[in-house]
>>> print(open('data06.pdb').read())   # PDB, C-alpha atoms, pLDDT in the B column
ATOM      1  CA  MET F  28     -35.704 -46.378  34.717  1.00 67.00           C
ATOM      2  CA  ASN F  29     -37.474 -47.047  38.033  1.00 83.00           C
ATOM      3  CA  LYS F  30     -39.852 -44.474  39.398  1.00 87.00           C
ATOM      4  CA  ILE F  31     -39.087 -42.901  42.743  1.00 93.00           C
ATOM      5  CA  LYS F  32     -41.680 -44.091  45.252  1.00 95.00           C
ATOM      6  CA  VAL F  33     -43.030 -41.605  47.794  1.00 95.00           C
ATOM      7  CA  GLY F  34     -45.482 -42.084  50.627  1.00 95.00           C
ATOM      8  CA  LEU F  35     -47.997 -39.272  50.897  1.00 94.00           C
ATOM      9  CA  MET F  36     -49.457 -38.738  54.378  1.00 94.00           C
ATOM     10  CA  CYS F  37     -52.219 -36.205  54.961  1.00 91.00           C
ATOM     11  CA  LEU F  38     -52.144 -34.846  58.498  1.00 90.00           C
ATOM     12  CA  TYR F  39     -55.484 -33.566  59.741  1.00 88.00           C
ATOM     13  CA  ILE F  40     -56.728 -32.136  63.027  1.00 88.00           C
ATOM     14  CA  LYS F  41     -59.319 -34.415  64.665  1.00 88.00           C
ATOM     15  CA  LEU F  42     -60.976 -31.365  66.235  1.00 87.00           C
ATOM     16  CA  TYR F  43     -62.388 -30.464  62.803  1.00 86.00           C
ATOM     17  CA  ASP F  44     -64.279 -33.768  62.688  1.00 84.00           C
ATOM     18  CA  ASP F  45     -65.342 -33.396  66.314  1.00 87.00           C
ATOM     19  CA  CYS F  46     -66.812 -29.985  65.443  1.00 89.00           C
ATOM     20  CA  LYS F  47     -68.584 -31.430  62.402  1.00 86.00           C
ATOM     21  CA  LEU F  48     -66.661 -29.261  59.920  1.00 86.00           C
ATOM     22  CA  GLN F  49     -67.076 -31.606  56.945  1.00 88.00           C
ATOM     23  CA  GLU F  50     -66.136 -28.912  54.406  1.00 92.00           C
ATOM     24  CA  ILE F  51     -62.602 -28.764  55.827  1.00 91.00           C
ATOM     25  CA  ARG F  52     -62.187 -32.543  55.462  1.00 89.00           C
ATOM     26  CA  ASP F  53     -63.593 -32.389  51.928  1.00 92.00           C
ATOM     27  CA  ARG F  54     -61.128 -29.631  50.969  1.00 93.00           C
ATOM     28  CA  SER F  55     -58.253 -31.508  52.574  1.00 92.00           C
ATOM     29  CA  GLU F  56     -59.090 -34.715  50.712  1.00 93.00           C
ATOM     30  CA  ALA F  57     -59.404 -32.833  47.424  1.00 95.00           C
ATOM     31  CA  PHE F  58     -56.037 -31.113  47.959  1.00 95.00           C
ATOM     32  CA  TYR F  59     -54.413 -34.425  48.912  1.00 96.00           C
ATOM     33  CA  GLU F  60     -55.664 -36.026  45.696  1.00 96.00           C
ATOM     34  CA  LYS F  61     -54.584 -33.031  43.598  1.00 97.00           C
ATOM     35  CA  LEU F  62     -51.097 -33.224  45.107  1.00 96.00           C
ATOM     36  CA  ALA F  63     -50.867 -36.996  44.527  1.00 96.00           C
ATOM     37  CA  VAL F  64     -51.893 -36.609  40.885  1.00 97.00           C
ATOM     38  CA  ALA F  65     -49.372 -33.793  40.397  1.00 97.00           C
ATOM     39  CA  LEU F  66     -46.574 -35.935  41.835  1.00 96.00           C
ATOM     40  CA  GLU F  67     -47.570 -38.825  39.587  1.00 96.00           C
ATOM     41  CA  GLY F  68     -47.552 -36.423  36.656  1.00 95.00           C
ATOM     42  CA  GLU F  69     -43.925 -35.640  37.504  1.00 95.00           C
ATOM     43  CA  GLY F  70     -43.071 -39.333  37.324  1.00 95.00           C
ATOM     44  CA  PHE F  71     -43.277 -40.383  40.976  1.00 96.00           C
ATOM     45  CA  GLU F  72     -45.020 -43.508  42.207  1.00 95.00           C
ATOM     46  CA  VAL F  73     -47.290 -42.327  45.012  1.00 95.00           C
ATOM     47  CA  VAL F  74     -48.378 -44.573  47.872  1.00 96.00           C
ATOM     48  CA  ARG F  75     -51.663 -43.107  49.071  1.00 95.00           C
ATOM     49  CA  ASN F  76     -53.215 -43.420  52.491  1.00 93.00           C
ATOM     50  CA  PRO F  77     -56.427 -42.159  54.118  1.00 92.00           C
ATOM     51  CA  ILE F  78     -56.264 -38.941  56.144  1.00 92.00           C
ATOM     52  CA  CYS F  79     -54.518 -39.363  59.515  1.00 93.00           C
ATOM     53  CA  CYS F  80     -55.947 -37.704  62.641  1.00 92.00           C
ATOM     54  CA  VAL F  81     -54.934 -39.870  65.581  1.00 93.00           C
ATOM     55  CA  LYS F  82     -51.951 -41.944  66.689  1.00 94.00           C
ATOM     56  CA  ASP F  83     -53.328 -45.305  65.471  1.00 95.00           C
ATOM     57  CA  GLU F  84     -53.975 -43.875  61.990  1.00 94.00           C
ATOM     58  CA  PHE F  85     -50.462 -42.422  61.805  1.00 94.00           C
ATOM     59  CA  GLN F  86     -48.955 -45.748  62.859  1.00 96.00           C
ATOM     60  CA  ALA F  87     -51.036 -47.662  60.306  1.00 95.00           C
ATOM     61  CA  CYS F  88     -49.857 -45.251  57.618  1.00 95.00           C
ATOM     62  CA  VAL F  89     -46.195 -45.661  58.552  1.00 95.00           C
ATOM     63  CA  ASP F  90     -46.629 -49.447  58.631  1.00 96.00           C
ATOM     64  CA  LYS F  91     -48.165 -49.360  55.140  1.00 95.00           C
ATOM     65  CA  PHE F  92     -45.329 -47.218  53.782  1.00 95.00           C
ATOM     66  CA  GLU F  93     -42.744 -49.553  55.290  1.00 94.00           C
ATOM     67  CA  ALA F  94     -44.509 -52.614  53.885  1.00 94.00           C
ATOM     68  CA  GLU F  95     -44.593 -51.052  50.409  1.00 90.00           C
ATOM     69  CA  GLY F  96     -40.932 -50.067  50.529  1.00 87.00           C
TER      70      GLY F  96
END
>>> encode(input="data06.pdb", output="structure tokens")
Amino acid sequence: MNKIKVGLMCLYIKLYDDCKLQEIRDRSEAFYEKLAVALEGEGFEVVRNPICCVKDEFQACVDKFEAEG
């Protein structure tokens, strides 16, 4: 049986980085990883991507998901 493939995109507000709120990014990254691991534990194949804050990052993420099917 083939695994269902899902793309996991973490949306993040750039203002947090601009305000130097590193703890929020750290918590977001940790939650993203926890969620990805949980989905994999349920049998999904997870396509990961770095956190997305701006238009170019979102587009790169979508392009990666499309390329990976």
>>> atom_distance(input="data06.pdb", atom1="CA of Arg75 (chain F)", atom2="CA of Tyr43 (chain F)")
21.5 Å
>>> residues_around(input="data06.pdb", residues="Asn29 (chain F)", least_positions_apart="3", cutoff="10 Å", atoms="only C-alpha atoms", output="NGL selection string")
:F and (32 or 70-72)
>>> resolve_selection(input="data06.pdb", expression="the PyMOL selection byres ((chain F and resi 38) around 10)", output="number ranges by chain")
F: 35-37, 39-41, 55, 59, 77-81, 84-85
>>> axis_aligned_box(input="data06.pdb", around="region 89-94 of chain F", padding_each_side="6 Å", output="AutoDock Vina command-line options")
--center_x -45.5 --center_y -49.1 --center_z 56.2 --size_x 17.4 --size_y 19.0 --size_z 16.8
>>> atom_distance(input="data06.pdb", atom1="CA of Leu42 (chain F)", atom2="CA of Val74 (chain F)")
25.9 Å
>>> decode(input="data06.pdb", residues="region 49-64 of chain F", atoms="all heavy atoms", output="compact mmCIF listing (two decimals), in the first residue's frame")
# COMPACT_ATOMS: atom_id res chain seq x y z
N GLN F 49 13.22 35.61 18.61
CA GLN F 49 13.73 34.29 18.23
C GLN F 49 12.98 33.16 18.93
O GLN F 49 12.79 32.09 18.36
CB GLN F 49 15.23 34.18 18.54
CG GLN F 49 15.86 32.87 18.10
CD GLN F 49 15.82 32.66 16.60
OE1 GLN F 49 16.02 33.59 15.83
NE2 GLN F 49 15.55 31.44 16.18
N GLU F 50 12.51 33.38 20.15
CA GLU F 50 11.82 32.30 20.88
C GLU F 50 10.53 31.87 20.16
O GLU F 50 10.15 30.70 20.20
CB GLU F 50 11.52 32.67 22.33
CG GLU F 50 10.36 33.61 22.53
CD GLU F 50 10.74 35.02 22.95
OE1 GLU F 50 11.92 35.37 22.95
OE2 GLU F 50 9.82 35.77 23.29
N ILE F 51 9.88 32.80 19.48
CA ILE F 51 8.66 32.45 18.75
C ILE F 51 9.02 31.57 17.55
O ILE F 51 8.35 30.57 17.29
CB ILE F 51 7.88 33.70 18.32
CG1 ILE F 51 7.39 34.44 19.56
CG2 ILE F 51 6.70 33.33 17.42
CD1 ILE F 51 6.71 35.77 19.28
N ARG F 52 10.08 31.91 16.83
CA ARG F 52 10.52 31.08 15.71
C ARG F 52 10.93 29.69 16.22
O ARG F 52 10.56 28.68 15.62
CB ARG F 52 11.68 31.71 14.95
CG ARG F 52 12.16 30.82 13.80
CD ARG F 52 13.23 31.49 12.98
NE ARG F 52 12.70 32.36 11.97
CZ ARG F 52 12.36 31.97 10.75
NH1 ARG F 52 12.46 30.71 10.41
NH2 ARG F 52 11.89 32.84 9.87
N ASP F 53 11.67 29.65 17.30
CA ASP F 53 12.10 28.36 17.86
C ASP F 53 10.89 27.49 18.22
O ASP F 53 10.87 26.29 17.92
CB ASP F 53 12.97 28.57 19.10
CG ASP F 53 14.32 29.21 18.77
OD1 ASP F 53 14.72 29.22 17.59
OD2 ASP F 53 14.96 29.72 19.72
N ARG F 54 9.89 28.08 18.85
CA ARG F 54 8.68 27.32 19.21
C ARG F 54 7.92 26.88 17.98
O ARG F 54 7.39 25.76 17.93
CB ARG F 54 7.78 28.15 20.13
CG ARG F 54 8.35 28.27 21.54
CD ARG F 54 7.44 28.95 22.57
NE ARG F 54 6.13 29.34 22.12
CZ ARG F 54 5.58 30.54 22.34
NH1 ARG F 54 6.24 31.46 23.00
NH2 ARG F 54 4.37 30.82 21.93
N SER F 55 7.86 27.73 16.97
CA SER F 55 7.18 27.37 15.73
C SER F 55 7.87 26.22 15.03
O SER F 55 7.22 25.29 14.55
CB SER F 55 7.10 28.59 14.80
OG SER F 55 6.33 29.61 15.38
N GLU F 56 9.19 26.27 14.96
CA GLU F 56 9.95 25.19 14.33
C GLU F 56 9.78 23.88 15.09
O GLU F 56 9.62 22.82 14.48
CB GLU F 56 11.42 25.57 14.21
CG GLU F 56 11.67 26.64 13.17
CD GLU F 56 13.09 27.15 13.13
OE1 GLU F 56 13.86 26.94 14.10
OE2 GLU F 56 13.45 27.79 12.12
N ALA F 57 9.80 23.96 16.41
CA ALA F 57 9.62 22.75 17.22
C ALA F 57 8.23 22.15 17.02
O ALA F 57 8.07 20.93 16.89
CB ALA F 57 9.86 23.06 18.70
N PHE F 58 7.21 23.01 16.97
CA PHE F 58 5.84 22.52 16.75
C PHE F 58 5.70 21.92 15.36
O PHE F 58 5.08 20.86 15.19
CB PHE F 58 4.83 23.65 16.94
CG PHE F 58 3.42 23.22 16.69
CD1 PHE F 58 2.75 22.43 17.61
CD2 PHE F 58 2.77 23.57 15.52
CE1 PHE F 58 1.44 22.00 17.37
CE2 PHE F 58 1.47 23.15 15.28
CZ PHE F 58 0.81 22.36 16.21
N TYR F 59 6.29 22.56 14.37
CA TYR F 59 6.26 22.05 12.99
C TYR F 59 6.86 20.64 12.94
O TYR F 59 6.28 19.73 12.34
CB TYR F 59 7.04 23.01 12.10
CG TYR F 59 7.19 22.57 10.66
CD1 TYR F 59 6.22 22.88 9.72
CD2 TYR F 59 8.31 21.87 10.24
CE1 TYR F 59 6.35 22.50 8.40
CE2 TYR F 59 8.44 21.47 8.92
CZ TYR F 59 7.47 21.80 8.01
OH TYR F 59 7.60 21.41 6.71
N GLU F 60 8.01 20.47 13.57
CA GLU F 60 8.66 19.16 13.56
C GLU F 60 7.82 18.12 14.31
O GLU F 60 7.68 16.98 13.88
CB GLU F 60 10.07 19.26 14.17
CG GLU F 60 10.85 17.97 14.12
CD GLU F 60 11.08 17.43 12.72
OE1 GLU F 60 11.06 18.20 11.74
OE2 GLU F 60 11.29 16.21 12.59
N LYS F 61 7.25 18.51 15.44
CA LYS F 61 6.40 17.60 16.21
C LYS F 61 5.20 17.15 15.37
O LYS F 61 4.83 15.97 15.38
CB LYS F 61 5.93 18.31 17.49
CG LYS F 61 5.12 17.46 18.42
CD LYS F 61 4.77 18.26 19.68
CE LYS F 61 3.96 17.42 20.65
NZ LYS F 61 3.68 18.14 21.88
N LEU F 62 4.60 18.09 14.65
CA LEU F 62 3.46 17.76 13.80
C LEU F 62 3.87 16.84 12.65
O LEU F 62 3.18 15.86 12.35
CB LEU F 62 2.85 19.05 13.25
CG LEU F 62 1.60 18.92 12.39
CD1 LEU F 62 0.48 18.19 13.14
CD2 LEU F 62 1.13 20.29 11.95
N ALA F 63 5.02 17.10 12.03
CA ALA F 63 5.50 16.26 10.94
C ALA F 63 5.75 14.83 11.42
O ALA F 63 5.36 13.86 10.77
CB ALA F 63 6.78 16.85 10.34
N VAL F 64 6.38 14.70 12.57
CA VAL F 64 6.65 13.37 13.13
C VAL F 64 5.34 12.65 13.45
O VAL F 64 5.21 11.44 13.20
CB VAL F 64 7.57 13.49 14.37
CG1 VAL F 64 7.64 12.18 15.14
CG2 VAL F 64 8.96 13.95 13.95
